[in-house]
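*Asks:* Okay, so here is start25.tsv, and as you'll see once you scroll down, it has TSV, C-alpha atoms.
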```tsv
chain	number	residue	atom	x	y	z
A	20	ALA	CA	0.00	0.00	0.00
A	21	ARG	CA	1.16	3.51	-0.71
A	22	PRO	CA	1.65	5.84	2.29
A	23	GLY	CA	-1.74	7.16	3.35
A	24	ARG	CA	-3.83	4.79	1.21
A	25	ARG	CA	-6.80	3.22	2.99
A	26	THR	CA	-6.90	-0.55	2.52
A	27	GLY	CA	-10.14	-1.20	4.38
A	28	PRO	CA	-12.70	0.46	6.59
A	29	ARG	CA	-10.82	-0.23	9.82
A	30	ARG	CA	-7.26	-0.82	8.75
A	31	ALA	CA	-4.56	1.42	7.26
A	32	VAL	CA	-1.28	-0.13	6.24
A	33	PHE	CA	1.75	2.12	6.03
A	34	THR	CA	4.69	0.48	4.25
A	35	ILE	CA	8.11	1.91	4.93
A	36	ALA	CA	11.60	1.21	3.65
A	37	LEU	CA	14.40	2.21	5.99
A	38	LEU	CA	17.63	2.38	4.04
A	39	ILE	CA	20.88	1.27	5.62
A	40	ALA	CA	23.23	2.07	2.75
A	41	GLY	CA	22.85	5.04	0.48
A	42	SER	CA	20.44	7.96	0.58
A	43	LEU	CA	17.28	9.09	-1.19
A	44	GLY	CA	16.36	5.77	-2.71
A	45	GLY	CA	19.67	3.85	-2.91
A	46	GLY	CA	20.99	0.85	-1.03
A	47	ALA	CA	19.62	-2.22	0.68
A	48	TYR	CA	16.41	-1.86	2.66
A	49	ALA	CA	14.21	-3.62	5.16
A	50	ALA	CA	10.47	-3.23	4.54
A	51	VAL	CA	8.25	-2.90	7.57
A	52	GLN	CA	4.51	-2.44	7.94
A	53	ALA	CA	2.82	-0.42	10.66
A	54	GLN	CA	-0.87	-1.08	11.17
A	55	ASP	CA	-3.59	1.04	12.71
A	56	ASP	CA	-4.64	1.23	16.35
A	57	ARG	CA	-6.80	-1.88	16.03
A	58	ASP	CA	-3.71	-4.00	15.33
A	59	ARG	CA	-1.54	-2.19	17.89
A	60	ARG	CA	-4.00	-3.16	20.63
A	61	THR	CA	-2.73	-6.73	20.33
A	62	ALA	CA	0.74	-5.68	21.47
A	63	ALA	CA	1.85	-6.13	25.08
A	64	PRO	CA	1.03	-2.98	27.08
A	65	ARG	CA	4.62	-2.37	28.20
A	66	ASP	CA	5.83	-2.35	24.59
A	67	ARG	CA	2.84	-0.56	23.07
A	68	ASP	CA	3.04	2.33	25.52
A	69	ARG	CA	6.80	2.78	25.46
A	70	PRO	CA	7.95	6.28	24.49
A	71	SER	CA	10.06	6.14	21.34
A	72	GLY	CA	13.09	7.57	23.14
A	73	GLY	CA	13.87	4.12	24.53
A	74	PRO	CA	15.83	3.24	27.64
A	75	ALA	CA	19.46	4.13	28.08
A	76	GLY	CA	22.32	1.77	28.73
A	77	PRO	CA	24.37	1.38	31.91
A	78	GLY	CA	26.05	4.74	31.34
A	79	GLY	CA	22.83	6.59	32.14
A	80	PRO	CA	20.29	8.29	29.91
A	81	VAL	CA	21.59	10.29	26.98
A	82	THR	CA	19.22	13.06	27.95
A	83	ASN	CA	19.98	16.72	28.44
A	84	VAL	CA	18.02	18.50	31.17
A	85	ALA	CA	15.89	21.10	29.43
A	86	ASP	CA	16.40	23.85	32.05
A	87	GLY	CA	13.08	25.40	31.06
A	88	ALA	CA	14.08	25.84	27.40
A	89	ARG	CA	12.22	24.32	24.45
A	90	VAL	CA	15.33	22.34	23.56
A	91	ALA	CA	17.91	21.30	26.10
A	92	PRO	CA	21.50	22.49	25.89
A	93	LEU	CA	24.07	20.01	24.65
A	94	ARG	CA	25.76	18.26	27.56
A	95	ARG	CA	27.80	15.63	25.73
A	96	VAL	CA	28.27	13.93	22.38
A	97	VAL	CA	27.66	10.19	22.10
A	98	PRO	CA	29.24	8.66	18.98
A	99	PRO	CA	27.01	5.83	17.73
A	100	ASP	CA	28.90	2.64	16.90
A	101	VAL	CA	26.03	0.53	15.58
A	102	LEU	CA	22.72	1.29	13.84
A	103	ALA	CA	20.07	-1.43	13.73
A	104	VAL	CA	16.73	-1.31	11.93
A	105	GLY	CA	14.28	-4.00	13.01
A	106	GLY	CA	11.98	-6.06	10.87
A	107	GLY	CA	9.20	-4.50	12.98
A	108	PRO	CA	8.98	-2.46	16.17
A	109	ILE	CA	11.81	-3.36	18.55
A	110	SER	CA	10.41	-4.37	21.93
A	111	ALA	CA	11.42	-2.85	25.25
A	112	ALA	CA	12.77	-6.24	26.30
A	113	GLN	CA	15.05	-6.36	23.25
A	114	VAL	CA	16.32	-2.84	23.90
A	115	GLN	CA	17.07	-3.81	27.50
A	116	ARG	CA	18.98	-6.89	26.35
A	117	ILE	CA	21.08	-4.71	24.03
A	118	ALA	CA	21.72	-2.29	26.91
A	119	LYS	CA	23.07	-5.16	29.00
A	120	LEU	CA	25.61	-6.32	26.43
A	121	GLY	CA	29.23	-6.08	27.52
A	122	ARG	CA	30.66	-2.55	27.40
A	123	VAL	CA	27.48	-1.04	25.95
A	124	ARG	CA	27.17	2.36	27.52
A	125	ASP	CA	24.19	3.98	25.77
A	126	VAL	CA	21.24	2.84	23.69
A	127	ILE	CA	18.45	4.89	22.15
A	128	ALA	CA	15.39	3.63	20.27
A	129	VAL	CA	13.64	5.82	17.70
A	130	ALA	CA	10.57	5.79	15.49
A	131	GLY	CA	11.03	5.96	11.75
A	132	GLY	CA	9.82	5.24	8.27
A	133	ALA	CA	9.86	6.32	4.65
A	134	VAL	CA	7.93	9.44	3.67
A	135	GLN	CA	7.45	11.32	0.43
A	136	LEU	CA	9.08	14.74	0.13
A	137	GLN	CA	9.22	16.65	-3.15
A	138	GLY	CA	8.11	13.49	-4.93
A	139	ARG	CA	11.00	11.42	-3.55
A	140	SER	CA	11.12	8.72	-0.90
A	141	VAL	CA	13.06	9.93	2.12
A	142	ASN	CA	13.84	7.96	5.26
A	143	ALA	CA	12.93	9.81	8.43
A	144	PHE	CA	13.50	9.36	12.15
A	145	ALA	CA	11.04	10.85	14.63
A	146	VAL	CA	13.01	12.01	17.68
A	147	ASP	CA	13.10	14.07	20.84
A	148	PRO	CA	15.50	16.88	19.86
A	149	SER	CA	16.83	17.33	23.40
A	150	THR	CA	17.80	13.66	23.56
A	151	PHE	CA	18.74	12.80	20.00
A	152	ARG	CA	21.13	15.71	19.34
A	153	SER	CA	23.77	13.96	21.45
A	154	TRP	CA	23.91	11.12	18.89
A	155	THR	CA	24.68	13.30	15.87
A	156	PRO	CA	28.14	14.44	14.67
A	157	PRO	CA	29.68	17.11	16.94
A	158	ARG	CA	29.17	19.99	14.52
A	159	THR	CA	25.51	19.12	14.09
A	160	ALA	CA	25.00	18.42	17.79
A	161	LYS	CA	26.15	21.93	18.69
A	162	ALA	CA	24.03	23.63	15.98
A	163	GLU	CA	21.46	25.17	18.31
A	164	ASP	CA	19.31	26.51	15.47
A	165	LEU	CA	18.68	23.02	14.06
A	166	TRP	CA	17.46	21.59	17.36
A	167	THR	CA	15.42	24.67	18.20
A	168	ALA	CA	13.72	24.32	14.81
A	169	LEU	CA	13.05	20.62	15.39
A	170	ALA	CA	11.60	21.41	18.83
A	171	ALA	CA	9.29	23.88	17.08
A	172	ASP	CA	7.90	21.05	14.89
A	173	GLN	CA	9.94	21.94	11.81
A	174	PHE	CA	11.90	19.26	9.97
A	175	VAL	CA	15.64	18.94	9.51
A	176	VAL	CA	17.35	17.15	6.63
A	177	SER	CA	20.81	15.98	5.69
A	178	ALA	CA	22.90	18.34	3.59
A	179	THR	CA	22.62	15.84	0.72
A	180	ALA	CA	18.82	15.85	0.83
A	181	ALA	CA	18.68	19.64	1.03
A	182	GLU	CA	20.79	19.90	-2.12
A	183	GLN	CA	19.22	17.10	-4.16
A	184	LEU	CA	15.63	18.05	-3.33
A	185	ARG	CA	16.34	21.78	-3.61
A	186	LEU	CA	14.93	22.54	-0.20
A	187	SER	CA	15.08	26.02	1.31
A	188	LYS	CA	15.20	26.79	5.00
A	189	GLY	CA	12.08	28.59	6.21
A	190	PHE	CA	9.81	27.29	3.42
A	191	PRO	CA	6.85	24.92	3.98
A	192	TYR	CA	6.70	21.52	2.27
A	193	ALA	CA	4.10	18.77	2.13
A	194	VAL	CA	5.40	15.58	3.75
A	195	VAL	CA	3.41	12.48	2.85
A	196	GLY	CA	3.04	9.64	5.31
A	197	ARG	CA	-0.21	8.22	6.67
A	198	THR	CA	-1.19	11.88	6.85
A	199	MET	CA	0.09	14.74	4.73
A	200	PRO	CA	1.11	17.67	6.97
A	201	THR	CA	2.75	20.78	5.63
A	202	ILE	CA	5.92	21.34	7.63
A	203	MET	CA	8.48	24.12	7.61
A	204	MET	CA	12.08	23.20	6.81
A	205	GLY	CA	14.20	24.21	9.80
A	206	GLY	CA	17.65	23.61	8.34
A	207	SER	CA	20.15	20.97	7.27
A	208	GLY	CA	23.34	19.37	8.50
A	209	ALA	CA	25.29	16.12	8.63
A	210	LEU	CA	23.20	13.51	10.42
A	211	GLY	CA	25.90	10.83	10.38
A	212	LEU	CA	23.42	7.99	9.78
A	213	PRO	CA	23.57	6.13	6.46
A	214	GLY	CA	20.31	6.28	4.57
A	215	ILE	CA	18.56	8.55	7.08
A	216	ASP	CA	17.99	11.96	5.54
A	217	MET	CA	15.27	13.56	7.65
A	218	LEU	CA	14.39	14.23	11.29
A	219	VAL	CA	10.97	15.22	12.56
A	220	HIS	CA	9.68	15.74	16.07
A	221	GLN	CA	8.29	12.71	17.90
A	222	LYS	CA	4.72	13.97	17.91
A	223	THR	CA	4.89	14.76	14.18
A	224	GLY	CA	6.14	11.24	13.57
A	225	ARG	CA	3.25	9.75	15.53
A	226	SER	CA	0.70	11.74	13.56
A	227	MET	CA	2.29	10.64	10.29
A	228	GLY	CA	2.24	6.97	11.25
A	229	LEU	CA	5.98	6.38	11.55
A	230	VAL	CA	6.76	3.03	13.13
A	231	PRO	CA	7.59	3.29	16.85
A	232	ASN	CA	10.94	1.91	18.03
A	233	ILE	CA	11.88	0.68	14.57
A	234	ALA	CA	15.57	1.45	15.02
A	235	VAL	CA	18.21	1.57	17.74
A	236	LEU	CA	21.54	3.31	18.00
A	237	VAL	CA	24.18	1.72	20.21
A	238	ASN	CA	27.29	3.20	21.78
A	239	ALA	CA	29.82	0.64	23.04
A	240	PRO	CA	33.23	2.23	23.66
A	241	GLY	CA	36.21	-0.08	23.85
A	242	VAL	CA	34.58	-2.94	21.92
A	243	PRO	CA	35.28	-3.76	18.27
A	244	PRO	CA	32.09	-2.55	16.54
A	245	ALA	CA	31.82	-5.81	14.60
A	246	THR	CA	31.45	-7.65	17.91
A	247	THR	CA	28.56	-5.41	18.92
A	248	VAL	CA	26.98	-5.84	15.47
A	249	ARG	CA	26.93	-9.63	15.89
A	250	ALA	CA	25.51	-9.44	19.41
A	251	VAL	CA	22.76	-6.98	18.43
A	252	GLY	CA	21.93	-9.11	15.39
A	253	ARG	CA	21.43	-12.17	17.58
A	254	ILE	CA	19.00	-10.24	19.79
A	255	LEU	CA	16.96	-8.68	16.97
A	256	GLY	CA	16.93	-11.72	14.69
A	257	PRO	CA	17.51	-12.23	10.96
A	258	ALA	CA	14.87	-9.73	9.86
A	259	ALA	CA	16.90	-6.86	11.33
A	260	ASN	CA	19.54	-4.94	9.40
A	261	VAL	CA	22.49	-4.15	11.68
A	262	VAL	CA	25.47	-2.12	10.50
A	263	ASN	CA	28.86	-1.10	11.82
A	264	LEU	CA	28.96	2.69	11.50
A	265	HIS	CA	32.78	2.62	11.58
A	266	GLU	CA	32.99	0.90	8.20
A	267	GLN	CA	34.82	3.05	5.68
A	268	ARG	CA	31.81	3.30	3.37
A	269	PHE	CA	29.92	5.13	6.11
A	270	GLN	CA	32.70	7.55	6.97
A	271	SER	CA	32.47	11.10	5.66
A	272	PRO	CA	34.54	14.17	6.57
A	273	ALA	CA	31.27	16.09	6.65
A	274	ASN	CA	30.11	13.96	9.56
A	275	GLY	CA	32.82	15.38	11.80
A	276	SER	CA	33.16	12.23	13.93
A	277	TYR	CA	35.71	12.13	16.73
A	278	LEU	CA	37.79	9.79	14.56
A	279	ASP	CA	37.81	12.41	11.82
A	280	LEU	CA	38.76	15.12	14.31
A	281	TYR	CA	41.66	13.12	15.75
A	282	LYS	CA	43.03	12.36	12.28
A	283	SER	CA	42.65	15.94	11.11
A	284	ALA	CA	44.27	17.44	14.22
A	285	ALA	CA	47.24	15.06	14.07
A	286	LYS	CA	48.14	16.43	10.64
A	287	THR	CA	48.95	19.78	12.26
A	288	CYS	CA	51.86	18.14	14.09
A	289	PRO	CA	54.14	16.20	11.71
A	290	GLY	CA	55.13	12.91	13.29
A	291	LEU	CA	52.24	12.77	15.76
A	292	SER	CA	49.92	9.80	15.29
A	293	TRP	CA	46.18	10.40	15.55
A	294	THR	CA	46.06	7.32	17.78
A	295	VAL	CA	47.79	9.25	20.57
A	296	LEU	CA	45.11	11.96	20.43
A	297	ALA	CA	42.40	9.29	20.39
A	298	ALA	CA	43.93	7.57	23.40
A	299	ILE	CA	44.08	10.84	25.34
A	300	GLY	CA	40.50	11.61	24.32
A	301	GLN	CA	39.37	8.23	25.62
A	302	VAL	CA	41.21	8.53	28.94
A	303	GLU	CA	40.24	12.14	29.57
A	304	SER	CA	36.54	12.20	28.65
A	305	ASP	CA	35.66	8.93	26.90
A	306	HIS	CA	35.52	10.84	23.59
A	307	GLY	CA	33.41	13.70	24.88
A	308	ARG	CA	31.00	11.66	26.99
A	309	ASN	CA	32.27	13.14	30.27
A	310	PRO	CA	33.54	16.65	29.44
A	311	GLY	CA	32.59	18.27	32.76
A	312	ARG	CA	34.93	19.86	35.26
A	313	SER	CA	37.31	17.42	36.93
A	314	SER	CA	38.29	17.55	40.60
A	315	ALA	CA	41.45	19.39	39.48
A	316	GLY	CA	39.45	21.95	37.48
A	317	ALA	CA	40.09	20.60	33.97
A	318	LEU	CA	37.35	21.05	31.38
A	319	GLY	CA	36.16	19.82	28.01
A	320	PRO	CA	36.57	16.69	25.90
A	321	MET	CA	40.37	16.89	26.17
A	322	GLN	CA	40.32	18.08	29.81
A	323	PHE	CA	42.44	21.21	29.61
A	324	MET	CA	43.20	23.34	32.62
A	325	PRO	CA	41.82	26.81	31.82
A	326	ALA	CA	45.25	28.46	32.20
A	327	THR	CA	46.81	25.99	29.75
A	328	TRP	CA	43.91	26.50	27.36
A	329	LYS	CA	44.57	30.23	27.28
A	330	ALA	CA	48.05	29.50	25.96
A	331	TYR	CA	47.27	26.61	23.59
A	332	GLY	CA	43.57	26.87	22.71
A	333	VAL	CA	42.70	26.70	19.00
A	334	ASP	CA	39.74	28.01	17.01
A	335	GLY	CA	39.45	24.80	15.03
A	336	ASP	CA	36.05	25.40	13.45
A	337	GLY	CA	36.61	29.03	12.49
A	338	ASP	CA	33.71	30.44	14.48
A	339	GLY	CA	35.85	33.20	15.96
A	340	LYS	CA	36.46	31.70	19.39
A	341	ALA	CA	38.51	28.94	20.97
A	342	ASP	CA	35.99	27.00	23.06
A	343	ILE	CA	37.43	24.58	25.60
A	344	MET	CA	34.18	22.57	25.48
A	345	ASN	CA	34.02	22.26	21.69
A	346	PRO	CA	35.75	19.14	20.28
A	347	TYR	CA	36.48	21.03	17.04
A	348	ASP	CA	38.66	23.36	19.11
A	349	ALA	CA	39.80	21.11	21.95
A	350	ILE	CA	41.25	18.27	19.86
A	351	PRO	CA	43.51	20.48	17.68
A	352	GLY	CA	44.37	22.34	20.90
A	353	ALA	CA	45.62	19.08	22.37
A	354	ALA	CA	47.66	18.40	19.24
A	355	ARG	CA	49.21	21.87	19.52
A	356	TYR	CA	50.11	21.33	23.18
A	357	LEU	CA	51.62	17.90	22.53
A	358	CYS	CA	53.56	19.20	19.56
A	359	ALA	CA	54.98	22.09	21.58
A	360	ASN	CA	56.37	19.48	23.97
A	361	GLY	CA	58.02	17.43	21.22
A	362	ALA	CA	55.41	14.70	20.59
A	363	GLY	CA	56.08	14.72	16.84
A	364	ARG	CA	59.61	13.46	17.39
A	365	GLY	CA	58.42	10.16	18.88
A	366	GLY	CA	60.26	7.92	21.31
A	367	LYS	CA	61.31	9.54	24.57
A	368	GLN	CA	60.04	12.92	23.38
A	369	LEU	CA	56.57	11.50	22.85
A	370	TYR	CA	56.67	9.94	26.31
A	371	ARG	CA	57.73	13.30	27.76
A	372	ALA	CA	55.02	15.18	25.87
A	373	VAL	CA	52.27	12.88	27.14
A	374	TRP	CA	53.74	13.17	30.66
A	375	HIS	CA	53.37	16.94	30.39
A	376	TYR	CA	49.69	16.39	29.62
A	377	ASN	CA	49.26	14.62	32.96
A	378	HIS	CA	52.28	14.32	35.27
A	379	ALA	CA	52.07	10.59	35.97
A	380	ASP	CA	53.94	7.66	34.47
A	381	TRP	CA	50.91	5.38	34.79
A	382	TYR	CA	48.98	7.88	32.66
A	383	VAL	CA	51.63	7.90	29.94
A	384	GLN	CA	51.75	4.12	29.87
A	385	LYS	CA	47.98	3.87	29.64
A	386	VAL	CA	47.79	6.39	26.80
A	387	LEU	CA	50.55	4.72	24.80
A	388	ALA	CA	48.98	1.27	25.31
A	389	LEU	CA	45.62	2.57	24.08
A	390	ALA	CA	47.30	4.27	21.13
A	391	LYS	CA	48.81	0.94	20.12
A	392	ALA	CA	45.41	-0.74	20.47
A	393	TYR	CA	43.86	1.88	18.18
A	394	SER	CA	46.69	1.38	15.70
A	395	ASP	CA	46.05	-2.38	15.66
A	396	GLN	CA	42.28	-1.96	15.31
A	397	TYR	CA	42.38	0.60	12.48
A	398	ARG	CA	45.15	-0.81	10.31
```
Show the structure stored in the file as structure tokens.
*Replies:*
Amino acid sequence: ARPGRRTGPRRAVFTIALLIAGSLGGGAYAAVQAQDDRDRRTAAPRDRDRPSGGPAGPGGPVTNVADGARVAPLRRVVPPDVLAVGGGPISAAQVQRIAKLGRVRDVIAVAGGAVQLQGRSVNAFAVDPSTFRSWTPPRTAKAEDLWTALAADQFVVSATAAEQLRLSKGFPYAVVGRTMPTIMMGGSGALGLPGIDMLVHQKTGRSMGLVPNIAVLVNAPGVPPATTVRAVGRILGPAANVVNLHEQRFQSPANGSYLDLYKSAAKTCPGLSWTVLAAIGQVESDHGRNPGRSSAGALGPMQFMPATWKAYGVDGDGDGKADIMNPYDAIPGAARYLCANGAGRGGKQLYRAVWHYNHADWYVQKVLALAKAYSDQYR
């Protein structure tokens, strides 16, 4: 059935195709059907009534306290390692099983489906902007205007979709699902999710008939993503499509992932491996997950002391300020500090440079061991 077509007096079938590879109609897909309220009443109450935000993993909810604002401020960035699209709605029990997998820190479940926009099929997620922003690439996560627009029931698209569909910010467009609302375009940016080109607010998604809890994003630091992919696949079954977001085909400089930032920053210091920056980022803040003030007063994803930041801070994203909390500034700032202490020369000089970052031999040894592990993993 086409989106919105009535197939009987009491039943509407909304067929969606969530793409895992490619955008705007390309790549492999998993077809899912969402039925009307009559069919949903057969679901178990705990699953039927679950909010589409889903539970969080052992690391706590990836939720930013709204502080009275329409969209919450960004507290941390959570790089997704795995994206899974179910063959149907993913149950609360399945999400909980994923959350309990070894080293899984965060899990979020979202509604989604294929809609028609400008005569093209576009895959959309329906999300809570205050929660979901943490899962997008750093540059997008910090783009306050995008999340404010989404909170105001406008839609946001990938940069690719904006260009290919010739969409203009601030203009209304008809979006065809089970219903056909006219929604204002609130902006565009890198979403970092293969095949997903549109975000709408949760309540808009419900009104359009998007399938609840059709997809999950998983963050599992310190585990080879392929291992998590296999474990999630066993839980969701063969009908699910589970992908490793670290695969090269899904990497794009526009996404601005932490991996991209480490590699880019390392190039500013000849001889410095990006793996050293990645190791420091993991030890200091778990790649931006814990960027708050330390007991010693250090701040940000690379945990700089404010006095040191004044001397070595970098305006990495060209917005006119060096922000200790912004990974686009903090990571090249760390590279600059390490380079000033001789890290690019390797050997004893590298050891000394890392020691200057944190005056402890155990710290240096941990960083260098992690750097080697990253080097082995990303050969």
*Asks:* Taking into account only C-alpha atoms, which residue in the set A:Ser304, A:Gln113, A:Thr155, A:Thr294 is nearest to Val96 (chain A)?
*Replies:*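 That would be A:Thr155, the residue with the smallest distance to Val96 (chain A).
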*Asks:* Between CA of Trp293 (chain A) and CA of Lys385 (chain A), what is the distance in Å, rounded to a tenth?
*Replies:*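 Atom-to-atom, CA of Trp293 (chain A) and CA of Lys385 (chain A) are spaced 15.6 Å apart.
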*Asks:* Between A:Gly365, A:Pro346, A:Gly228, A:Gly105, which has the minimum distance to Leu387 (chain A) (counting only C-alpha atoms)?
*Replies:* A:Gly365
*Asks:* Using all atoms listed in the file, can you tell me which of A:Met324, A:Ala171, A:Ala317, A:Leu218 comes closest to Val90 (chain A)?
*Replies:* A:Ala171
*Asks:* Looking at all atoms listed in the file, which of A:Leu369, A:Pro231, A:Leu255, A:Gly290 is the one that sits closest to Arg116 (chain A)?
*Replies:*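 Among the listed residues, the smallest separation from Arg116 (chain A) belongs to A:Leu255.
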*Asks:* Mind giving me the straight-line distance from CA of Ala180 (chain A) to CA of Met217 (chain A) in Å, one decimal?
*Replies:* 8.0 Å
*Asks:* Find the nearest atom pair between each residue of region 86-174 of chain A and region 184-197 of chain A for residues within 6 Å, count all atoms listed in the file, give distances in Å to one decimal, sort rows by chain and ascending number, and present the table as a Markdown table.
*Replies:*
```
| residue | atom | partner | partner_atom | distance |
| --- | --- | --- | --- | --- |
| A:Val134 | CA | A:Gly196 | CA | 5.2 |
| A:Gln135 | CA | A:Val195 | CA | 4.9 |
| A:Leu136 | CA | A:Val194 | CA | 5.2 |
```
*Asks:* At a cut-off of 12 Å, using only C-alpha atoms, what residues contact region 390-393 of chain A? Leave out same-chain residues fewer than 3 positions from it and give the result as a PDB file with C-alpha atoms, keeping the file's coordinate frame.
*Replies:*
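Printed below is part_28.pdb as written:
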```pdb
ATOM      1  CA  PRO A 240      33.230   2.230  23.660  1.00  0.00           C
ATOM      2  CA  GLY A 241      36.210  -0.080  23.850  1.00  0.00           C
ATOM      3  CA  VAL A 242      34.580  -2.940  21.920  1.00  0.00           C
ATOM      4  CA  PRO A 243      35.280  -3.760  18.270  1.00  0.00           C
ATOM      5  CA  LEU A 278      37.790   9.790  14.560  1.00  0.00           C
ATOM      6  CA  TYR A 281      41.660  13.120  15.750  1.00  0.00           C
ATOM      7  CA  LEU A 291      52.240  12.770  15.760  1.00  0.00           C
ATOM      8  CA  SER A 292      49.920   9.800  15.290  1.00  0.00           C
ATOM      9  CA  TRP A 293      46.180  10.400  15.550  1.00  0.00           C
ATOM     10  CA  THR A 294      46.060   7.320  17.780  1.00  0.00           C
ATOM     11  CA  VAL A 295      47.790   9.250  20.570  1.00  0.00           C
ATOM     12  CA  LEU A 296      45.110  11.960  20.430  1.00  0.00           C
ATOM     13  CA  ALA A 297      42.400   9.290  20.390  1.00  0.00           C
ATOM     14  CA  ALA A 298      43.930   7.570  23.400  1.00  0.00           C
ATOM     15  CA  ILE A 299      44.080  10.840  25.340  1.00  0.00           C
ATOM     16  CA  GLY A 300      40.500  11.610  24.320  1.00  0.00           C
ATOM     17  CA  GLN A 301      39.370   8.230  25.620  1.00  0.00           C
ATOM     18  CA  VAL A 302      41.210   8.530  28.940  1.00  0.00           C
ATOM     19  CA  LEU A 369      56.570  11.500  22.850  1.00  0.00           C
ATOM     20  CA  VAL A 373      52.270  12.880  27.140  1.00  0.00           C
ATOM     21  CA  VAL A 383      51.630   7.900  29.940  1.00  0.00           C
ATOM     22  CA  GLN A 384      51.750   4.120  29.870  1.00  0.00           C
ATOM     23  CA  LYS A 385      47.980   3.870  29.640  1.00  0.00           C
ATOM     24  CA  VAL A 386      47.790   6.390  26.800  1.00  0.00           C
ATOM     25  CA  LEU A 387      50.550   4.720  24.800  1.00  0.00           C
ATOM     26  CA  GLN A 396      42.280  -1.960  15.310  1.00  0.00           C
ATOM     27  CA  TYR A 397      42.380   0.600  12.480  1.00  0.00           C
ATOM     28  CA  ARG A 398      45.150  -0.810  10.310  1.00  0.00           C
TER      29      ARG A 398
END
```
*Asks:* Distance CA of Arg94 (chain A)-CA of Ala112 (chain A), one decimal place?
*Replies:*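 CA of Arg94 (chain A) sits 27.8 Å away from CA of Ala112 (chain A).
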*Asks:* With only C-alpha atoms as the counted atoms, please give the residues lying no more than 12 Å from Lys222 (chain A), apart from itself and same-chain residues fewer than 4 positions off, as a list in words.
*Replies:* Pro70, Ser71, Gly72, Ala130, Gly131, Phe144, Ala145, Val146, Asp147, Pro148, Leu169, Ala170, Ala171, Asp172, Gln173, Phe174, Leu218, Ser226, Met227, Gly228, Leu229 and Pro231 of chain A
*Asks:* Find the spatial neighbours of Ile254 (chain A), counting all atoms listed in the file, within a cut-off of 10 Å - ignore same-chain residues fewer than 2 positions away - and output them as a PyMOL selection string.
*Replies:* chain A and resi 112-114+116-117+249-252+256-257+259
*Asks:* For a quick check of understanding, using all atoms listed in the file, which of A:Ala362, A:Leu93, A:Ala181, A:Ala379 has the smallest distance to Ser153 (chain A)?
*Replies:*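 For Ser153 (chain A), the nearest of the given residues is A:Leu93.
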*Asks:* Mind listing as number ranges by chain all residues within 9 Å of (48.6, 25.9, 22.4), counting only C-alpha atoms?
*Replies:* A: 327-333, 351-359
*Asks:* When you count all atoms listed in the file, which of these residues is closest to Pro320 (chain A): A:Asn345, A:Ile215, A:Asp380, A:Asp338?
*Replies:*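 That would be A:Asn345, the residue with the smallest distance to Pro320 (chain A).
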